[in-house]
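Only one structure is covered here, and it is reproduced in the block below.
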Amino acid sequence: MERIILDVDTGHDDAVAIEMAASHPGIRIEALIAVNGNSPLHNTLENTLNLADALRIEAPVFAGSPAPLLRSRANAPAIHGENGFAGPVFGPRKKQVQSGNAVEFIIRTVMDNPGQITFVSVGPYTDLALALRVEPRLAGALKQIVVMGGTSGQGNVTPNAEFNIFADPEAAQIVLSCGAPIVMMGLDCTLQTIINPQLIEDIRKTGGRASEIFCASMGFYAESCLKYIHDYPAMHDPCCIAYLIKPQLFSFTEETIEVDTKSELNYGRTSLMWKDPGHIVRFARRVDREGFFELMRDCFRRLKEAGI
Ligand code: RIB
Ligand code: CA
């Protein structure tokens with residue numbers, strides 16, 4: 001059983017990661033934490049609450065950081081829409097935001113369960129960075145950290161930076177050098193999971209509310225991605241959940257990652273260092289694309305069988 005704290009900036013691909021995590025018996029969501037990223041916090045929190053309500057997720061949903069550690073807020077309305085999750089329509093919901101501070105929850109949960117909690121960050125790493133600063137023992141108590149972010153080459157928000165890093169580079173540097181075991185799903189791997197109309201149709205045929213939400217969201221997401229990045233969307237964030245369910249789908253190299261927090265042109269760039277000045281990160285290189293898509297289909301079948 002993988003016990004996870006899932007930090008999200010919901011977001012279209014975040015939503016698929018949440019759906020996959022909620023579907024699988026091998027994953028226990030301890031909490032969802034919404035953070036500023038694809039959209040401002042009030043949107044990512046609302047989107048995460050709506051989705052958790054629709055998926056009948058019992059875990060608490062916390063409000064995380066409304067802003068990066070140091071830089072100004074960077075959002076992506078063109079890709080994810082003005083509300084951050086354009087496409088699906090949600091009615092009134094029962095799920096309410098969990099009272100209490102997200103960083104305190106992270107520290108308490110991890111320190112009370114040493115070696116058992118995996119922190120998954122699929123938005124900017126602000127919340128985890130804050131928790132690591134408040135409780136330096138956290139890195140030693142975490143089972144592992146799994147993040148979506150970074151690139152060894154071409155970026156997606158600037159020529160050299162991937163969005164989750166670019167949106168809070170200082171947080172990324174803190175997390176990537178903390179010493180906990182880290183798995184990093186960068187663009188080198190996640191861009192191998194670009195979806196196609198057939199996959200959307202397969203999941204539509206599954207039926208159920210989760211499938212309906214997926215198809216409504218992919219309708220908008222595909223249109224915005226084709227317009228701005230000239231291709232269908234990649235399932236960036238779901239790679240982190242797929243790794244926890246079926247790690248054998250992925251292959252890695254061991255790297256030391258340095259984040260550029262100084263320059264303007266390369267701000268947020270992740271450099272894979274050949275020498276080892278810091279801590280080793282398992283950097284994803286390859287994914288079995290068909291195996292990944294079959295896992296996605298299976299997760300939506302499980303949700304349908306659960307009546308969701
Ligand atoms: O670069 C892709 C990442 O940025 C994904 O997490 C996506 O949701 C956006 O946050
Ligand atoms: Ca995300």
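Every chain in the structure tokens takes a letter, A first, then B, and so on in the order presented; its residues are numbered from 1, and the ligands are numbered from 1 following the presented order.
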Within 10 Å of segment 36-55 of chain A: each segment 97-123 of chain A residue with its shortest pair, only C-alpha atoms, as a tab-separated table:
```
residue	atom	partner	partner_atom	distance
A:Val97	CA	A:Leu49	CA	7.1
A:Val122	CA	A:Gly37	CA	9.6
A:Gly123	CA	A:Gly37	CA	6.0
```
Grab the residues selected above and save them as a PDB file, in the first residue's frame with C-alpha atoms.
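Wrote it out as part39.pdb, contents follow:
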```
ATOM      1  CA  VAL A  97     -11.715  22.534   2.589  1.00  0.00           C
ATOM      2  CA  VAL A 122       2.544  17.539  -9.444  1.00  0.00           C
ATOM      3  CA  GLY A 123       2.470  21.326  -9.211  1.00  0.00           C
TER       4      GLY A 123
END
```
Test item: residues lying within 7 Å of ligand 2 with only C-alpha atoms and all ligand atoms, as a list in words: Val8, Asp9, Thr10, Gly11, Asp13, Asp14, Asn38, Val122, Gly123 and Asp237 of chain A
Protein and nucleic residues near ligand 1, 9 Å, only C-alpha atoms and all ligand atoms, as a PyMOL selection string: chain A and resi 8-15+37-39+75-76+79-80+121-124+147-150+155-157+161-165+167+186-187+190+234-238
Would you pick out the contacts of Ala306 of chain A at 10 Å or less, using only C-alpha atoms, so that residues sharing its chain but fewer than 6 positions from it are not included, and give the list as a PyMOL selection string? chain A and resi 23+55+208+300
Any idea what the distance is between atom CA of Arg73 of chain A and atom CA of Asn101 of chain A? 20.5 Å
Excluding Gly291 of chain A and its own-chain neighbours fewer than 5 positions away, which residues fall within 10 Å of it when counting only C-alpha atoms? Please give them as a PyMOL selection string. chain A and resi 242+246+248-250+296-297
Please identify the strand (DSSP E or B) residues within segment 82-208 of chain A (assignment by DSSP from backbone atoms) and present them as a list in words.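 Matching residues for strand (DSSP E or B) in segment 82-208 of chain A are Ile117, Thr118, Phe119, Val120, Ser121, Gln144, Ile145, Val146, Val147, Met148, Ala161, Ile182, Val183, Met184, Met185 and Ile194 of chain A.
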Straight-line distance linking atom CA of Ile117 of chain A with atom CA of Leu142 of chain A, stated in Å to one decimal: 5.6 Å
